[in-house]
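Structure data follow from coords-v3.txt (compact mmCIF, C-alpha atoms):
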# COMPACT_ATOMS: atom_id res chain seq x y z
CA MET A 1 119.38 -22.85 93.92
CA SER A 2 115.92 -22.54 95.48
CA GLY A 3 114.33 -23.98 92.35
CA VAL A 4 115.43 -25.26 88.97
CA GLY A 5 117.56 -22.54 87.42
CA THR A 6 116.67 -19.98 90.12
CA PRO A 7 119.63 -18.57 92.05
CA ASP A 8 118.74 -17.58 95.62
CA PHE A 9 120.45 -15.43 98.25
CA TYR A 10 122.66 -18.20 99.65
CA TYR A 11 123.69 -19.38 96.20
CA ARG A 12 124.75 -15.86 95.25
CA GLU A 13 126.51 -15.31 98.58
CA ALA A 14 128.45 -18.54 98.18
CA LEU A 15 129.73 -17.34 94.82
CA ARG A 16 130.56 -13.91 96.20
CA LEU A 17 132.45 -15.21 99.22
CA GLY A 18 134.28 -18.05 97.47
CA TYR A 19 132.43 -21.01 99.00
CA LEU A 20 131.97 -24.06 96.80
CA ALA A 21 128.30 -24.51 97.73
CA ARG A 22 125.46 -22.79 99.54
CA SER A 23 125.68 -25.56 102.17
CA ALA A 24 128.56 -23.60 103.70
CA PHE A 25 125.98 -21.34 105.33
CA LYS A 26 124.39 -24.30 107.11
CA LEU A 27 127.62 -25.07 108.94
CA LEU A 28 128.25 -21.36 109.50
CA GLN A 29 124.91 -21.13 111.32
CA ILE A 30 125.65 -24.28 113.33
CA GLN A 31 128.99 -22.76 114.29
CA LYS A 32 127.42 -19.43 115.24
CA GLN A 33 124.85 -21.07 117.50
CA HIS A 34 126.90 -23.91 119.02
CA LYS A 35 130.61 -23.10 118.49
CA LEU A 36 131.53 -26.75 117.99
CA ILE A 37 134.82 -26.11 116.16
CA THR A 38 137.40 -24.09 118.08
CA PRO A 39 141.11 -23.37 117.58
CA GLY A 40 143.01 -26.63 117.87
CA SER A 41 140.02 -28.86 117.05
CA SER A 42 140.51 -32.03 115.03
CA VAL A 43 137.58 -32.26 112.61
CA LEU A 44 136.30 -35.21 110.57
CA ASP A 45 133.95 -34.34 107.68
CA LEU A 46 132.01 -37.38 106.42
CA GLY A 47 130.64 -36.94 102.90
CA CYS A 48 132.78 -33.87 102.34
CA ALA A 49 132.04 -33.23 98.63
CA PRO A 50 132.11 -30.66 97.15
CA GLY A 51 134.19 -29.15 99.97
CA ALA A 52 132.17 -26.23 101.38
CA TRP A 53 132.14 -27.67 104.89
CA LEU A 54 135.91 -28.21 104.67
CA GLN A 55 136.20 -24.48 104.01
CA VAL A 56 134.06 -23.46 106.97
CA ALA A 57 135.73 -25.99 109.27
CA CYS A 58 139.20 -24.72 108.39
CA GLN A 59 138.13 -21.10 108.85
CA SER A 60 136.74 -22.00 112.28
CA LEU A 61 140.15 -23.29 113.39
CA GLY A 62 141.53 -19.77 113.23
CA PRO A 63 145.08 -18.88 112.15
CA MET A 64 147.57 -21.61 111.29
CA ASN A 65 149.51 -21.08 114.53
CA HIS A 66 146.42 -22.13 116.49
CA GLY A 67 146.82 -25.66 115.15
CA GLY A 68 144.01 -28.09 114.48
CA SER A 69 143.21 -30.28 111.48
CA VAL A 70 140.38 -31.17 109.10
CA VAL A 71 140.00 -34.53 107.37
CA GLY A 72 137.33 -35.02 104.72
CA ILE A 73 136.14 -38.42 103.48
CA ASP A 74 133.96 -38.97 100.42
CA LEU A 75 133.19 -41.57 97.77
CA LYS A 76 134.26 -38.97 95.22
CA LYS A 77 137.80 -37.71 94.97
CA VAL A 78 137.62 -34.22 96.48
CA LYS A 79 140.34 -31.66 95.90
CA VAL A 80 141.10 -29.46 98.88
CA PRO A 81 139.55 -26.06 98.05
CA SER A 82 142.04 -23.32 97.27
CA GLN A 83 139.99 -20.68 99.09
CA HIS A 84 139.42 -20.68 102.86
CA CYS A 85 141.57 -23.82 103.31
CA ASP A 86 145.22 -24.31 104.20
CA ALA A 87 147.69 -27.12 104.86
CA ARG A 88 145.66 -28.36 107.83
CA VAL A 89 143.03 -29.79 105.45
CA LYS A 90 143.31 -33.13 103.68
CA THR A 91 140.84 -35.41 101.91
CA VAL A 92 140.51 -39.17 101.53
CA CYS A 93 138.58 -41.02 98.83
CA ALA A 94 136.81 -43.93 100.53
CA ASP A 95 133.41 -45.48 101.19
CA VAL A 96 132.33 -44.43 104.68
CA MET A 97 129.84 -47.31 104.79
CA SER A 98 132.60 -49.92 104.67
CA LEU A 99 135.51 -48.09 106.29
CA PRO A 100 136.59 -49.75 109.58
CA ARG A 101 136.79 -47.47 112.60
CA HIS A 102 140.44 -48.24 113.20
CA GLN A 103 141.26 -46.92 109.72
CA VAL A 104 139.27 -43.74 110.38
CA ARG A 105 141.04 -43.29 113.72
CA ALA A 106 144.39 -43.64 111.94
CA LEU A 107 143.55 -40.43 110.04
CA SER A 108 143.32 -38.44 113.27
CA PRO A 109 146.21 -36.58 114.91
CA LYS A 110 148.40 -39.08 116.76
CA ASN A 111 145.65 -41.69 116.31
CA LYS A 112 143.79 -40.13 119.24
CA GLY A 113 140.49 -39.56 117.48
CA PHE A 114 138.61 -36.41 116.50
CA SER A 115 137.08 -33.70 118.66
CA VAL A 116 134.36 -32.88 116.09
CA ILE A 117 132.66 -35.17 113.57
CA LEU A 118 130.44 -33.70 110.86
CA SER A 119 128.18 -35.79 108.66
CA ASP A 120 126.50 -33.98 105.78
CA MET A 121 125.96 -37.28 103.97
CA CYS A 122 122.75 -37.61 102.01
CA PRO A 123 121.51 -40.39 99.70
CA SER A 124 120.78 -39.85 96.04
CA VAL A 125 117.19 -38.70 96.30
CA SER A 126 114.75 -40.98 94.47
CA GLY A 127 111.63 -39.00 95.23
CA ILE A 128 110.17 -41.92 97.19
CA THR A 129 109.83 -40.41 100.65
CA THR A 130 110.06 -43.57 102.73
CA LYS A 131 112.96 -44.97 100.73
CA ASP A 132 114.96 -41.74 100.90
CA ALA A 133 114.34 -41.40 104.64
CA ALA A 134 115.45 -44.99 105.26
CA LEU A 135 118.67 -44.48 103.28
CA SER A 136 119.32 -41.23 105.12
CA ALA A 137 118.85 -42.96 108.47
CA GLU A 138 121.29 -45.67 107.39
CA LEU A 139 123.93 -43.06 106.59
CA GLY A 140 123.23 -41.29 109.86
CA MET A 141 123.55 -44.50 111.84
CA GLN A 142 126.89 -45.19 110.17
CA ALA A 143 128.12 -41.75 111.19
CA LEU A 144 126.98 -42.44 114.75
CA ASP A 145 128.69 -45.83 114.73
CA ILE A 146 131.96 -44.29 113.54
CA ALA A 147 131.71 -41.66 116.26
CA VAL A 148 130.80 -43.73 119.31
CA GLY A 149 131.12 -47.39 118.30
CA GLY A 150 129.32 -49.93 120.44
CA LEU A 151 128.09 -47.28 122.85
CA ALA A 152 125.27 -46.52 120.40
CA SER A 153 124.20 -50.16 120.04
CA ALA A 154 123.61 -50.32 123.79
CA TYR A 155 120.71 -47.90 123.28
CA THR A 156 119.20 -49.19 120.06
CA ASP A 157 117.01 -51.82 121.73
CA GLY A 158 115.13 -51.94 124.98
CA ASP A 159 114.97 -49.56 127.87
CA ASN A 160 117.97 -47.25 128.24
CA GLU A 161 118.26 -47.88 131.96
CA SER A 162 118.44 -51.64 131.52
CA ASN A 163 121.40 -51.48 129.13
CA CYS A 164 124.84 -51.90 130.63
CA LEU A 165 127.79 -49.99 129.21
CA SER A 166 130.41 -51.70 131.34
CA GLU A 167 133.75 -52.63 129.81
CA SER A 168 132.90 -56.30 130.20
CA THR A 169 130.04 -56.00 127.67
CA LEU A 170 131.94 -54.14 124.98
CA ASP A 171 135.14 -55.21 123.28
CA GLN A 172 137.94 -52.73 122.77
CA ASP A 173 136.98 -51.80 119.20
CA ASP A 174 133.30 -51.32 120.13
CA LYS A 175 134.22 -49.04 123.00
CA GLY A 176 136.51 -47.12 120.71
CA GLY A 177 134.53 -44.88 118.43
CA VAL A 178 136.69 -42.18 116.88
CA LEU A 179 135.04 -39.25 118.69
CA ARG A 180 136.98 -38.09 121.74
CA ALA A 181 135.37 -37.72 125.14
CA GLY A 182 133.72 -34.31 125.30
CA GLY A 183 133.57 -34.17 121.50
CA HIS A 184 130.72 -33.06 119.26
CA LEU A 185 128.78 -34.77 116.45
CA VAL A 186 126.57 -33.32 113.70
CA ILE A 187 124.37 -35.64 111.61
CA LYS A 188 122.17 -34.64 108.68
CA LEU A 189 118.93 -36.61 108.34
CA LEU A 190 115.79 -36.46 106.26
CA GLU A 191 112.83 -35.90 108.57
CA SER A 192 110.80 -39.05 109.25
CA GLU A 193 109.58 -41.10 112.18
CA ASP A 194 113.11 -42.54 112.39
CA THR A 195 114.68 -39.20 113.34
CA GLN A 196 113.30 -39.39 116.88
CA GLU A 197 115.06 -42.72 117.30
CA PHE A 198 118.34 -40.83 116.90
CA THR A 199 117.29 -38.50 119.71
CA ARG A 200 116.57 -41.45 121.98
CA ILE A 201 119.95 -43.03 121.25
CA CYS A 202 122.04 -39.85 121.47
CA LYS A 203 120.57 -38.10 124.51
CA PRO A 204 122.08 -40.55 127.04
CA LEU A 205 125.46 -40.42 125.28
CA PHE A 206 125.90 -36.67 125.01
CA ARG A 207 125.59 -33.74 127.38
CA LYS A 208 123.11 -32.15 124.96
CA ALA A 209 121.31 -33.28 121.79
CA SER A 210 119.16 -30.85 119.80
CA TRP A 211 117.75 -30.38 116.30
CA LEU A 212 118.38 -27.52 113.90
CA ARG A 213 116.99 -26.71 110.48
CA PRO A 214 119.44 -24.08 109.13
CA LYS A 215 118.05 -21.03 107.39
CA ALA A 216 120.03 -21.93 104.26
CA THR A 217 118.02 -25.15 103.86
CA ARG A 218 115.80 -25.06 100.79
CA SER A 219 112.10 -24.78 101.60
CA SER A 220 111.40 -27.94 99.61
CA SER A 221 113.97 -29.99 101.53
CA ARG A 222 113.15 -32.31 104.45
CA GLU A 223 116.69 -32.26 105.80
CA THR A 224 117.43 -31.42 109.41
CA TYR A 225 120.52 -31.65 111.61
CA LEU A 226 121.05 -33.40 114.91
CA ILE A 227 123.59 -31.48 117.00
CA CYS A 228 125.17 -33.63 119.71
CA GLN A 229 127.46 -31.86 122.16
CA GLY A 230 129.83 -33.22 124.78
CA LEU A 231 130.26 -37.00 124.42
CA LYS A 232 130.05 -38.62 127.83
CA LEU A 233 132.46 -41.52 128.43
Show the structure stored in the file as structure tokens.
Amino acid sequence: MSGVGTPDFYYREALRLGYLARSAFKLLQIQKQHKLITPGSSVLDLGCAPGAWLQVACQSLGPMNHGGSVVGIDLKKVKVPSQHCDARVKTVCADVMSLPRHQVRALSPKNKGFSVILSDMCPSVSGITTKDAALSAELGMQALDIAVGGLASAYTDGDNESNCLSESTLDQDDKGGVLRAGGHLVIKLLESEDTQEFTRICKPLFRKASWLRPKATRSSSRETYLICQGLKL
């Protein structure tokens, strides 16, 4: 809906094509431009309700014989959508903010981690801009922590070049985020001065880090997406 009670193009298209929400078109655009999910990918969807991104992620895996998997985590109990999803999709009801990385990793194929992590998490909007942005940044930082572990903390303070990422400075769990080497990460954030901090942290960790505001985003929304490609380990 572009406004209260006003169906827009993406809302109508979602109904027509069997997607659970217009947000499906945001991931479809991300996929079209960056091709993050490919046949055989293992995908983690953080904040997966109502399930539209699960649908797009599963579609992006291609036919069943190409393999791959999609795991969605949300505070709400989310039923795997009947359309655009198959047996490769499963959901878990849990609080991402308190879920240990080793438990998230255990959800991945053979406990080897995920090749793509998607975070469409967003706080309950209060209307207070600074508060909402701060909560959004907290969710985004949690997604980053799940993905790369202690690697991110090495860049949160001080000059990047002065931080050491040697094995001696990070314990095994900190080194072990659940995103595989070469993997991709998508984080939704509400635009604020904090969003550039994410760029500063992620650019040294990934081959490429860029921002995208999908066309399906409502004009009144401040949300934007950080697309991180090719985790360097």
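Counting all atoms listed in the file, the residue from A:Thr91, A:Thr130, A:Asn111, A:Asn65 that sits nearest to Lys77 of chain A is A:Thr91.
The gap separating atom CA of Gln196 of chain A from atom CA of Arg222 of chain A is 14.3 Å, in Å to one decimal.
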**Q.** Shell of 10 Å around Gly182 of chain A, all atoms listed in the file, local chain residues under 2 positions omitted, as a ChimeraX atom specification
**A.** /A:115-116,179-180,184,206-207,229-233
Given the selection you just returned, output its residues as a file containing C-alpha atoms, formatted as a short mmCIF file (atom, residue, chain, number, x, y, z; two decimals), in the frame of the given file.
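Dumped everything to selection.cif:
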data_model
loop_
_atom_site.label_atom_id
_atom_site.label_comp_id
_atom_site.auth_asym_id
_atom_site.auth_seq_id
_atom_site.Cartn_x
_atom_site.Cartn_y
_atom_site.Cartn_z
CA SER A 115 137.08 -33.70 118.66
CA VAL A 116 134.36 -32.88 116.09
CA LEU A 179 135.04 -39.25 118.69
CA ARG A 180 136.98 -38.09 121.74
CA HIS A 184 130.72 -33.06 119.26
CA PHE A 206 125.90 -36.67 125.01
CA ARG A 207 125.59 -33.74 127.38
CA GLN A 229 127.46 -31.86 122.16
CA GLY A 230 129.83 -33.22 124.78
CA LEU A 231 130.26 -37.00 124.42
CA LYS A 232 130.05 -38.62 127.83
CA LEU A 233 132.46 -41.52 128.43
#
Which protein, DNA or RNA residues are at most 12 Å from (137.2, -26.1, 100.2) in the file's coordinates when you count all atoms listed in the file, listed as an mmCIF file with C-alpha atoms, in the coordinates of the input?
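selection_6.cif, written as the output of this step:
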data_model
loop_
_atom_site.group_PDB
_atom_site.id
_atom_site.type_symbol
_atom_site.label_atom_id
_atom_site.label_comp_id
_atom_site.auth_asym_id
_atom_site.auth_seq_id
_atom_site.Cartn_x
_atom_site.Cartn_y
_atom_site.Cartn_z
ATOM 1 C CA ALA A 14 128.450 -18.540 98.180
ATOM 2 C CA LEU A 17 132.450 -15.210 99.220
ATOM 3 C CA GLY A 18 134.280 -18.050 97.470
ATOM 4 C CA TYR A 19 132.430 -21.010 99.000
ATOM 5 C CA LEU A 20 131.970 -24.060 96.800
ATOM 6 C CA ALA A 21 128.300 -24.510 97.730
ATOM 7 C CA SER A 23 125.680 -25.560 102.170
ATOM 8 C CA ALA A 24 128.560 -23.600 103.700
ATOM 9 C CA ASP A 45 133.950 -34.340 107.680
ATOM 10 C CA CYS A 48 132.780 -33.870 102.340
ATOM 11 C CA ALA A 49 132.040 -33.230 98.630
ATOM 12 C CA PRO A 50 132.110 -30.660 97.150
ATOM 13 C CA GLY A 51 134.190 -29.150 99.970
ATOM 14 C CA ALA A 52 132.170 -26.230 101.380
ATOM 15 C CA TRP A 53 132.140 -27.670 104.890
ATOM 16 C CA LEU A 54 135.910 -28.210 104.670
ATOM 17 C CA GLN A 55 136.200 -24.480 104.010
ATOM 18 C CA VAL A 56 134.060 -23.460 106.970
ATOM 19 C CA ALA A 57 135.730 -25.990 109.270
ATOM 20 C CA CYS A 58 139.200 -24.720 108.390
ATOM 21 C CA GLN A 59 138.130 -21.100 108.850
ATOM 22 C CA VAL A 70 140.380 -31.170 109.100
ATOM 23 C CA VAL A 71 140.000 -34.530 107.370
ATOM 24 C CA GLY A 72 137.330 -35.020 104.720
ATOM 25 C CA VAL A 78 137.620 -34.220 96.480
ATOM 26 C CA LYS A 79 140.340 -31.660 95.900
ATOM 27 C CA VAL A 80 141.100 -29.460 98.880
ATOM 28 C CA PRO A 81 139.550 -26.060 98.050
ATOM 29 C CA SER A 82 142.040 -23.320 97.270
ATOM 30 C CA GLN A 83 139.990 -20.680 99.090
ATOM 31 C CA HIS A 84 139.420 -20.680 102.860
ATOM 32 C CA CYS A 85 141.570 -23.820 103.310
ATOM 33 C CA ASP A 86 145.220 -24.310 104.200
ATOM 34 C CA ALA A 87 147.690 -27.120 104.860
ATOM 35 C CA ARG A 88 145.660 -28.360 107.830
ATOM 36 C CA VAL A 89 143.030 -29.790 105.450
ATOM 37 C CA LYS A 90 143.310 -33.130 103.680
ATOM 38 C CA THR A 91 140.840 -35.410 101.910
#
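Atom CA of Leu36 of chain A sits 9.3 Å away from atom CA of Ile227 of chain A.
Among the candidates A:Ser42, A:Ser220, A:Ser60, A:Gln103, the one nearest to Ile30 of chain A when counting all atoms listed in the file is A:Ser60.
When all atoms listed in the file are used to compute distances to Leu189 of chain A, the closest of the residues A:Met141, A:Ile117, A:Ala216, A:Cys202 turns out to be A:Met141.
Distance annotation: of A:Leu44, A:Leu205, A:Cys228, A:Leu27, the residue with the minimal separation from Leu118 of chain A is A:Leu44; atom set is all atoms listed in the file.
Protein and nucleic acid residues near (126.0, -26.4, 111.5) are Phe25, Lys26, Leu27, Leu28, Gln29, Ile30, Gln31, His34, Val186, Pro214, Tyr225 and Ile227 of chain A, the criterion being any atom at most 8 Å away using all atoms listed in the file.
Using all atoms listed in the file, the smallest distance between any of A:Gly68, A:Pro63, A:Gly177, A:Pro123 and Asp145 of chain A comes from A:Gly177.
Counting from atom CA of Leu46 of chain A, the distance to atom CA of Glu13 of chain A is 24.1 Å.
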For segment 57-68 of chain A, I'd like the enclosing box, axis-aligned and padded by 4 Å on every side, reported as JSON with centre and edge lengths in Å to one decimal.
{"center_x": 142.6, "center_y": -23.5, "center_z": 112.4, "size_x": 21.8, "size_y": 17.2, "size_z": 16.1}
Q: Kindly indicate which residue among A:Arg200, A:Asp194, A:Leu61, A:Lys215 lies nearest to Lys131 of chain A, using only C-alpha atoms for the distances.
A: A:Asp194
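Every protein or nucleic acid residue with an atom no more than 12 Å from Val125 of chain A, counting only C-alpha atoms and leaving out same-chain residues fewer than 3 positions away, appears here: Met121, Cys122, Ile128, Thr129, Thr130, Lys131, Asp132, Ala133, Ala134, Leu135, Ser136, Leu190, Ser221, Arg222 and Glu223 of chain A.
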Would you fill out segment 24-42 of chain A with N, CA, C and O atoms and return it as a short mmCIF file (atom, residue, chain, number, x, y, z; two decimals), in the frame of the given file?
data_model
loop_
_atom_site.label_atom_id
_atom_site.label_comp_id
_atom_site.auth_asym_id
_atom_site.auth_seq_id
_atom_site.Cartn_x
_atom_site.Cartn_y
_atom_site.Cartn_z
N ALA A 24 127.63 -24.22 102.76
CA ALA A 24 128.56 -23.60 103.70
C ALA A 24 127.82 -22.82 104.78
O ALA A 24 128.21 -22.81 105.95
N PHE A 25 126.71 -22.18 104.40
CA PHE A 25 125.98 -21.34 105.33
C PHE A 25 125.24 -22.15 106.38
O PHE A 25 124.90 -21.65 107.45
N LYS A 26 125.00 -23.43 106.10
CA LYS A 26 124.39 -24.30 107.11
C LYS A 26 125.38 -24.53 108.26
O LYS A 26 125.02 -24.41 109.43
N LEU A 27 126.62 -24.86 107.90
CA LEU A 27 127.62 -25.07 108.94
C LEU A 27 127.98 -23.75 109.62
O LEU A 27 128.24 -23.73 110.82
N LEU A 28 127.98 -22.66 108.88
CA LEU A 28 128.25 -21.36 109.50
C LEU A 28 127.21 -21.05 110.58
O LEU A 28 127.54 -20.53 111.65
N GLN A 29 125.94 -21.37 110.32
CA GLN A 29 124.91 -21.13 111.32
C GLN A 29 125.08 -22.07 112.51
O GLN A 29 124.92 -21.65 113.67
N ILE A 30 125.40 -23.34 112.24
CA ILE A 30 125.65 -24.28 113.33
C ILE A 30 126.79 -23.78 114.20
O ILE A 30 126.72 -23.82 115.44
N GLN A 31 127.85 -23.29 113.56
CA GLN A 31 128.99 -22.76 114.29
C GLN A 31 128.59 -21.54 115.13
O GLN A 31 129.00 -21.39 116.28
N LYS A 32 127.82 -20.65 114.54
CA LYS A 32 127.42 -19.43 115.24
C LYS A 32 126.61 -19.74 116.49
O LYS A 32 126.78 -19.12 117.54
N GLN A 33 125.74 -20.75 116.39
CA GLN A 33 124.85 -21.07 117.50
C GLN A 33 125.50 -21.99 118.54
O GLN A 33 125.20 -21.89 119.73
N HIS A 34 126.39 -22.89 118.10
CA HIS A 34 126.90 -23.91 119.02
C HIS A 34 128.41 -23.89 119.22
O HIS A 34 128.90 -24.54 120.15
N LYS A 35 129.15 -23.22 118.34
CA LYS A 35 130.61 -23.10 118.49
C LYS A 35 131.26 -24.47 118.73
O LYS A 35 132.01 -24.66 119.68
N LEU A 36 130.99 -25.40 117.85
CA LEU A 36 131.53 -26.75 117.99
C LEU A 36 133.01 -26.82 117.66
O LEU A 36 133.78 -27.54 118.31
N ILE A 37 133.43 -26.10 116.61
CA ILE A 37 134.82 -26.11 116.16
C ILE A 37 135.53 -24.90 116.75
O ILE A 37 135.10 -23.76 116.56
N THR A 38 136.61 -25.15 117.46
CA THR A 38 137.40 -24.09 118.08
C THR A 38 138.86 -24.25 117.68
O THR A 38 139.25 -25.29 117.14
N PRO A 39 139.69 -23.24 117.90
CA PRO A 39 141.11 -23.37 117.58
C PRO A 39 141.72 -24.63 118.22
O PRO A 39 141.51 -24.89 119.40
N GLY A 40 142.41 -25.40 117.40
CA GLY A 40 143.01 -26.63 117.87
C GLY A 40 142.15 -27.86 117.69
O GLY A 40 142.61 -28.98 117.93
N SER A 41 140.91 -27.70 117.24
CA SER A 41 140.02 -28.86 117.05
C SER A 41 140.54 -29.78 115.96
O SER A 41 141.17 -29.34 114.99
N SER A 42 140.26 -31.06 116.11
CA SER A 42 140.51 -32.03 115.03
C SER A 42 139.14 -32.42 114.48
O SER A 42 138.29 -32.93 115.21
#
